[in-house]
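Text of work_7.pdb, listed as PDB, C-alpha atoms:
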```pdb
ATOM      1  CA  MET A1193      40.190 -16.485 -28.220
ATOM      2  CA  LYS A1194      41.385 -12.941 -27.675
ATOM      3  CA  LYS A1195      38.294 -11.542 -29.425
ATOM      4  CA  SER A1196      35.893 -13.530 -27.206
ATOM      5  CA  PHE A1197      37.863 -12.476 -24.100
ATOM      6  CA  MET A1198      37.479  -8.814 -25.124
ATOM      7  CA  SER A1199      33.730  -9.198 -25.688
ATOM      8  CA  ILE A1200      33.318 -10.850 -22.265
ATOM      9  CA  SER A1201      35.356  -8.063 -20.691
ATOM     10  CA  MET A1202      33.197  -5.457 -22.424
ATOM     11  CA  LEU A1203      30.067  -7.245 -21.218
ATOM     12  CA  VAL A1204      31.328  -7.282 -17.623
ATOM     13  CA  VAL A1205      32.282  -3.576 -17.839
ATOM     14  CA  SER A1206      28.882  -2.707 -19.352
ATOM     15  CA  ILE A1207      26.980  -4.578 -16.644
ATOM     16  CA  SER A1208      29.127  -2.933 -13.961
ATOM     17  CA  MET A1209      28.475   0.529 -15.392
ATOM     18  CA  LEU A1210      24.744  -0.159 -15.560
ATOM     19  CA  ALA A1211      24.697  -1.386 -11.948
ATOM     20  CA  LEU A1212      26.667   1.683 -10.837
ATOM     21  CA  PHE A1213      24.224   3.987 -12.641
ATOM     22  CA  LEU A1214      21.156   2.260 -11.171
ATOM     23  CA  CYS A1215      22.580   2.243  -7.646
ATOM     24  CA  SER A1216      23.614   5.893  -7.763
ATOM     25  CA  SER A1217      20.148   6.850  -9.039
ATOM     26  CA  ALA A1218      18.504   4.948  -6.191
ATOM     27  CA  VAL A1219      20.786   6.574  -3.610
ATOM     28  CA  SER A1220      20.145  10.077  -4.936
ATOM     29  CA  ALA A1221      16.385   9.399  -5.003
ATOM     30  CA  GLN A1222      16.505   8.349  -1.356
ATOM     31  CA  THR A1223      18.379  11.435  -0.244
ATOM     32  CA  SER A1224      16.493  13.987  -2.358
ATOM     33  CA  SER A1225      13.458  14.064  -0.074
ATOM     34  CA  LYS A1226      13.172  13.471   3.594
ATOM     35  CA  PHE A1227       9.902  13.058   5.409
ATOM     36  CA  VAL A1228       8.834  14.330   8.795
ATOM     37  CA  TYR A1229       6.018  12.611  10.689
ATOM     38  CA  ASN A1230       3.763  14.239  13.267
ATOM     39  CA  LYS A1231       1.758  11.545  15.078
ATOM     40  CA  SER A1232      -0.935  11.792  17.672
ATOM     41  CA  GLU A1233      -3.400   9.245  19.022
ATOM     42  CA  ASN A1234      -6.016   9.754  16.275
ATOM     43  CA  ALA A1235      -4.059  11.427  13.473
ATOM     44  CA  GLU A1236      -0.777  11.515  11.595
ATOM     45  CA  MET A1237       0.618  14.131   9.227
ATOM     46  CA  VAL A1238       3.458  13.585   6.768
ATOM     47  CA  TYR A1239       5.590  16.485   5.519
ATOM     48  CA  SER A1240       8.498  16.600   3.114
ATOM     49  CA  LEU A1241      11.587  18.494   4.206
ATOM     50  CA  ASP A1242      13.291  20.659   1.580
ATOM     51  CA  LYS A1243      17.011  20.392   0.785
ATOM     52  CA  SER A1244      17.905  23.256   3.094
ATOM     53  CA  GLY A1245      16.265  21.405   5.963
ATOM     54  CA  LYS A1246      14.302  24.505   7.001
ATOM     55  CA  TYR A1247      10.918  24.230   5.299
ATOM     56  CA  LEU A1248       8.178  21.631   5.502
ATOM     57  CA  THR A1249       5.628  20.931   2.775
ATOM     58  CA  PRO A1250       2.473  19.022   3.751
ATOM     59  CA  LYS A1251       2.014  15.737   1.850
ATOM     60  CA  LEU A1252      -0.407  13.349   3.578
ATOM     61  CA  LYS A1253      -2.735  13.387   6.530
ATOM     62  CA  TYR A1254      -4.334  10.349   8.179
ATOM     63  CA  GLU A1255      -7.233  10.318  10.613
ATOM     64  CA  TYR A1256      -7.945   7.213  12.696
ATOM     65  CA  SER A1257     -11.031   6.189  14.620
ATOM     66  CA  LYS A1258     -11.931   2.952  16.427
ATOM     67  CA  ASP A1259     -15.247   1.381  17.315
ATOM     68  CA  ALA A1260     -16.334   1.045  20.944
ATOM     69  CA  GLN A1261     -14.978  -2.518  21.265
ATOM     70  CA  GLY A1262     -11.614  -1.609  19.699
ATOM     71  CA  LYS A1263     -11.940  -4.407  17.120
ATOM     72  CA  GLY A1264     -12.641  -2.276  14.086
ATOM     73  CA  GLY A1265     -11.881   1.175  12.869
ATOM     74  CA  VAL A1266     -11.518   3.633  10.034
ATOM     75  CA  LYS A1267      -8.461   5.203   8.448
ATOM     76  CA  LYS A1268      -9.145   8.267   6.318
ATOM     77  CA  ALA A1269      -6.316   9.631   4.164
ATOM     78  CA  TYR A1270      -5.953  13.113   2.683
ATOM     79  CA  ARG A1271      -3.494  14.613   0.177
ATOM     80  CA  TRP A1272      -2.295  18.187   0.305
ATOM     81  CA  SER A1273      -3.445  20.249  -2.684
ATOM     82  CA  GLU A1274      -0.755  22.816  -3.395
ATOM     83  CA  GLY A1275      -3.041  24.775  -5.748
ATOM     84  CA  GLU A1276      -6.002  24.931  -3.350
ATOM     85  CA  GLN A1277      -3.818  25.100  -0.228
ATOM     86  CA  LYS A1278      -6.027  22.588   1.598
ATOM     87  CA  TRP A1279      -6.349  18.914   2.444
ATOM     88  CA  VAL A1280      -8.252  16.905  -0.181
ATOM     89  CA  PRO A1281      -9.733  13.462   0.639
ATOM     90  CA  TYR A1282      -7.706  10.577  -0.847
ATOM     91  CA  TYR A1283      -8.981   7.173   0.335
ATOM     92  CA  LEU A1284     -10.811   5.407   3.144
ATOM     93  CA  ILE A1285     -10.037   2.032   4.738
ATOM     94  CA  SER A1286     -12.452   0.504   7.213
ATOM     95  CA  MET A1287     -11.823  -2.586   9.314
ATOM     96  CA  SER A1288     -14.446  -4.637  11.120
ATOM     97  CA  GLU A1289     -15.020  -8.079  12.581
ATOM     98  CA  SER A1290     -17.931 -10.438  12.090
ATOM     99  CA  GLY A1291     -17.695 -13.752  13.913
ATOM    100  CA  ASN A1292     -14.351 -15.341  12.932
ATOM    101  CA  ASN A1293     -13.933 -13.006   9.963
ATOM    102  CA  SER A1294     -11.945  -9.798   9.668
ATOM    103  CA  ILE A1295     -13.249  -7.494   6.951
ATOM    104  CA  VAL A1296     -11.191  -4.734   5.333
ATOM    105  CA  GLU A1297     -12.864  -2.349   2.879
ATOM    106  CA  TYR A1298     -11.170   0.261   0.684
ATOM    107  CA  ALA A1299     -12.505   3.063  -1.529
ATOM    108  CA  ALA A1300     -10.888   6.095  -3.134
ATOM    109  CA  TRP A1301     -12.352   9.601  -3.093
ATOM    110  CA  ASP A1302     -14.615  10.549  -6.011
ATOM    111  CA  SER A1303     -14.447  14.318  -6.492
ATOM    112  CA  LYS A1304     -17.558  14.296  -8.717
ATOM    113  CA  THR A1305     -19.855  12.638  -6.176
ATOM    114  CA  GLN A1306     -17.927  13.991  -3.164
ATOM    115  CA  ASP A1307     -17.730  10.602  -1.443
ATOM    116  CA  PHE A1308     -15.498   7.547  -1.083
ATOM    117  CA  SER A1309     -16.914   5.476  -3.947
ATOM    118  CA  LEU A1310     -14.113   5.017  -6.517
ATOM    119  CA  ASN A1311     -12.586   1.550  -6.980
ATOM    120  CA  PRO A1312     -14.237  -0.091  -3.954
ATOM    121  CA  GLN A1313     -12.564  -3.307  -2.810
ATOM    122  CA  LYS A1314     -13.068  -5.691   0.080
ATOM    123  CA  ALA A1315     -11.013  -8.450   1.680
ATOM    124  CA  ILE A1316     -12.434 -11.001   4.094
ATOM    125  CA  TYR A1317      -9.976 -12.969   6.222
ATOM    126  CA  SER A1318     -11.343 -16.101   7.925
ATOM    127  CA  LYS A1319      -9.570 -16.917  11.181
ATOM    128  CA  GLY A1320      -9.270 -20.115  13.181
ATOM    129  CA  LEU A1321      -9.497 -20.716  16.915
ATOM    130  CA  GLU A1322      -5.914 -19.526  17.499
ATOM    131  CA  ASN A1323      -6.559 -16.339  15.465
ATOM    132  CA  GLU A1324      -4.501 -17.690  12.544
ATOM    133  CA  ILE A1325      -5.683 -16.811   9.028
ATOM    134  CA  LEU A1326      -7.221 -19.835   7.339
ATOM    135  CA  SER A1327      -8.310 -18.195   4.085
ATOM    136  CA  TYR A1328      -8.984 -14.888   2.441
ATOM    137  CA  VAL A1329     -11.201 -13.682  -0.372
ATOM    138  CA  LEU A1330     -10.645 -10.448  -2.282
ATOM    139  CA  TYR A1331     -13.684  -8.753  -3.815
ATOM    140  CA  LYS A1332     -14.202  -5.948  -6.326
ATOM    141  CA  TRP A1333     -17.418  -4.021  -6.711
ATOM    142  CA  ASN A1334     -19.259  -4.743  -9.980
ATOM    143  CA  GLN A1335     -20.908  -1.445 -10.915
ATOM    144  CA  ASN A1336     -23.222  -3.022 -13.524
ATOM    145  CA  GLU A1337     -24.504  -5.783 -11.228
ATOM    146  CA  GLU A1338     -24.269  -3.590  -8.123
ATOM    147  CA  SER A1339     -22.773  -6.423  -6.122
ATOM    148  CA  TRP A1340     -19.431  -7.723  -4.818
ATOM    149  CA  GLU A1341     -17.579 -10.241  -7.032
ATOM    150  CA  ALA A1342     -14.830 -12.506  -5.746
ATOM    151  CA  ASN A1343     -11.614 -11.513  -7.474
ATOM    152  CA  GLN A1344      -9.118 -13.799  -5.739
ATOM    153  CA  TYR A1345      -9.435 -16.626  -3.230
ATOM    154  CA  LEU A1346      -6.835 -18.513  -1.241
ATOM    155  CA  LEU A1347      -7.023 -21.241   1.362
ATOM    156  CA  CYS A1348      -3.874 -20.901   3.426
ATOM    157  CA  GLY A1349      -3.618 -24.687   3.854
ATOM    158  CA  ASP A1350      -3.569 -25.080   0.044
ATOM    159  CA  TYR A1351      -0.899 -22.373  -0.222
ATOM    160  CA  LEU A1352       1.302 -24.089   2.364
ATOM    161  CA  ALA A1353       0.871 -27.425   0.566
ATOM    162  CA  MET A1354       1.907 -25.780  -2.753
ATOM    163  CA  GLU A1355       4.979 -24.255  -1.094
ATOM    164  CA  ALA A1356       5.950 -27.624   0.406
ATOM    165  CA  ASP A1357       5.575 -29.290  -3.012
ATOM    166  CA  SER A1358       7.752 -26.637  -4.657
ATOM    167  CA  LEU A1359      10.535 -27.278  -2.128
ATOM    168  CA  ASN A1360      10.628 -31.012  -2.947
TER     169      ASN A1360
END
```
Now that the file is in, can you turn its structure into structure tokens?
Amino acid sequence: MKKSFMSISMLVVSISMLALFLCSSAVSAQTSSKFVYNKSENAEMVYSLDKSGKYLTPKLKYEYSKDAQGKGGVKKAYRWSEGEQKWVPYYLISMSESGNNSIVEYAAWDSKTQDFSLNPQKAIYSKGLENEILSYVLYKWNQNEESWEANQYLLCGDYLAMEADSLN
């Protein structure tokens, strides 16, 4: 009995030490870099603040634009290249509306072709009369077929029915 009590005690101590280590690592990771945001109507820049709190290093830059109706828009992201000392394109997200559908498209920057053509993806959200999302379809671009292929599909009514079944 004493031997099993000691092994349980060792297990509890080991788990406690592991939790302490993981928590202290997470806390130090959170405090090691602080970010400063500079926002305007059509742009946002993100800087990291060094430990002394005196110097900023550029990290990300976002540019926003909207269509004339205000229903769609584009978000262009850039990363700071320390070696080149300039902003380098990162990714592009465009949002548009077509009937009762909201369409979101994503593509990463391809440095070889100098355009946003890497890993293109698209999501189409179908909305009801009250603007609630009824379903969504996620697409990936098939380079060989040169067409969009549905990657994931969900009817929100089916999802809610599955959730209700799992609660019973």
Between A:Asn1234, A:Asn1292, A:Ser1244, A:Gln1313, which is the closest to Lys1268 (chain A) once you count only C-alpha atoms?
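Of A:Asn1234, A:Asn1292, A:Ser1244, A:Gln1313, the one nearest Lys1268 (chain A), counting only C-alpha atoms, is A:Asn1234.
Minimum atom-to-atom distance to Lys1246 (chain A), evaluated using all atoms listed in the file, belongs to A:Val1228 out of A:Cys1348, A:Ile1316, A:Ala1260, A:Val1228.
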Ranking A:Leu1284, A:Ile1325, A:Leu1310, A:Ile1295 by minimum distance to Lys1263 (chain A) and counting all atoms listed in the file, which one comes first?
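The closest residue to Lys1263 (chain A) is A:Ile1295.
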Neighbouring residues of region 1298-1305 of chain A were defined as those with any atom within 10 Å, considering all atoms listed in the file; residues of the same chain fewer than 3 positions away were excluded. Please report them as a list in words.
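Counting all atoms listed in the file, the residues come to Val1266, Lys1267, Lys1268, Ala1269, Tyr1270, Val1280, Pro1281, Tyr1282, Tyr1283, Leu1284, Ile1285, Ser1286, Met1287, Phe1308, Ser1309, Leu1310, Asn1311, Pro1312, Gln1313, Lys1314, Ala1315 and Lys1332 of chain A.
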Could you state the separation of CA of Leu1326 (chain A) and CA of Ser1288 (chain A) in Å, given to one decimal place?
17.2 Å
With 5 Å of padding per side, what axis-aligned box (centre and edge lengths, Å, one decimal) covers all the listed atoms of region 1310-1328 of chain A? Give it as AutoDock Vina command-line options.
```
--center_x -9.4 --center_y -7.8 --center_z 5.3 --size_x 19.7 --size_y 35.7 --size_z 34.5
```
Could you add whatever atoms are missing so that region 1300-1316 of chain A carries N, CA and C atoms, then write the result as a PDB file, in the coordinates of the input?
```pdb
ATOM      1  N   ALA A1300     -11.564   4.820  -2.874  1.00  0.00           N
ATOM      2  CA  ALA A1300     -10.888   6.095  -3.134  1.00  0.00           C
ATOM      3  C   ALA A1300     -11.925   7.210  -3.226  1.00  0.00           C
ATOM      4  N   TRP A1301     -11.480   8.433  -3.061  1.00  0.00           N
ATOM      5  CA  TRP A1301     -12.352   9.601  -3.093  1.00  0.00           C
ATOM      6  C   TRP A1301     -12.777   9.911  -4.523  1.00  0.00           C
ATOM      7  N   ASP A1302     -14.064  10.139  -4.717  1.00  0.00           N
ATOM      8  CA  ASP A1302     -14.615  10.549  -6.011  1.00  0.00           C
ATOM      9  C   ASP A1302     -14.966  12.027  -5.905  1.00  0.00           C
ATOM     10  N   SER A1303     -14.220  12.875  -6.596  1.00  0.00           N
ATOM     11  CA  SER A1303     -14.447  14.318  -6.492  1.00  0.00           C
ATOM     12  C   SER A1303     -15.765  14.748  -7.142  1.00  0.00           C
ATOM     13  N   LYS A1304     -16.283  13.953  -8.076  1.00  0.00           N
ATOM     14  CA  LYS A1304     -17.558  14.296  -8.717  1.00  0.00           C
ATOM     15  C   LYS A1304     -18.731  14.093  -7.765  1.00  0.00           C
ATOM     16  N   THR A1305     -18.747  12.942  -7.087  1.00  0.00           N
ATOM     17  CA  THR A1305     -19.855  12.638  -6.176  1.00  0.00           C
ATOM     18  C   THR A1305     -19.577  13.093  -4.749  1.00  0.00           C
ATOM     19  N   GLN A1306     -18.345  13.519  -4.488  1.00  0.00           N
ATOM     20  CA  GLN A1306     -17.927  13.991  -3.164  1.00  0.00           C
ATOM     21  C   GLN A1306     -18.104  12.920  -2.082  1.00  0.00           C
ATOM     22  N   ASP A1307     -17.713  11.670  -2.431  1.00  0.00           N
ATOM     23  CA  ASP A1307     -17.730  10.602  -1.443  1.00  0.00           C
ATOM     24  C   ASP A1307     -16.670   9.558  -1.780  1.00  0.00           C
ATOM     25  N   PHE A1308     -16.475   8.614  -0.884  1.00  0.00           N
ATOM     26  CA  PHE A1308     -15.498   7.547  -1.083  1.00  0.00           C
ATOM     27  C   PHE A1308     -16.192   6.403  -1.831  1.00  0.00           C
ATOM     28  N   SER A1309     -16.211   6.487  -3.159  1.00  0.00           N
ATOM     29  CA  SER A1309     -16.914   5.476  -3.947  1.00  0.00           C
ATOM     30  C   SER A1309     -16.122   4.971  -5.151  1.00  0.00           C
ATOM     31  N   LEU A1310     -14.920   5.481  -5.388  1.00  0.00           N
ATOM     32  CA  LEU A1310     -14.113   5.017  -6.517  1.00  0.00           C
ATOM     33  C   LEU A1310     -13.367   3.739  -6.172  1.00  0.00           C
ATOM     34  N   ASN A1311     -13.353   2.784  -7.098  1.00  0.00           N
ATOM     35  CA  ASN A1311     -12.586   1.550  -6.980  1.00  0.00           C
ATOM     36  C   ASN A1311     -12.786   0.827  -5.641  1.00  0.00           C
ATOM     37  N   PRO A1312     -14.033   0.597  -5.234  1.00  0.00           N
ATOM     38  CA  PRO A1312     -14.237  -0.091  -3.954  1.00  0.00           C
ATOM     39  C   PRO A1312     -13.749  -1.539  -4.005  1.00  0.00           C
ATOM     40  N   GLN A1313     -13.094  -1.951  -2.925  1.00  0.00           N
ATOM     41  CA  GLN A1313     -12.564  -3.307  -2.810  1.00  0.00           C
ATOM     42  C   GLN A1313     -12.798  -3.793  -1.384  1.00  0.00           C
ATOM     43  N   LYS A1314     -12.847  -5.108  -1.243  1.00  0.00           N
ATOM     44  CA  LYS A1314     -13.068  -5.691   0.080  1.00  0.00           C
ATOM     45  C   LYS A1314     -12.262  -6.971   0.200  1.00  0.00           C
ATOM     46  N   ALA A1315     -11.716  -7.201   1.375  1.00  0.00           N
ATOM     47  CA  ALA A1315     -11.013  -8.450   1.680  1.00  0.00           C
ATOM     48  C   ALA A1315     -11.618  -9.021   2.952  1.00  0.00           C
ATOM     49  N   ILE A1316     -11.907 -10.325   2.916  1.00  0.00           N
ATOM     50  CA  ILE A1316     -12.434 -11.001   4.094  1.00  0.00           C
ATOM     51  C   ILE A1316     -11.451 -12.100   4.475  1.00  0.00           C
TER      52      ILE A1316
END
```
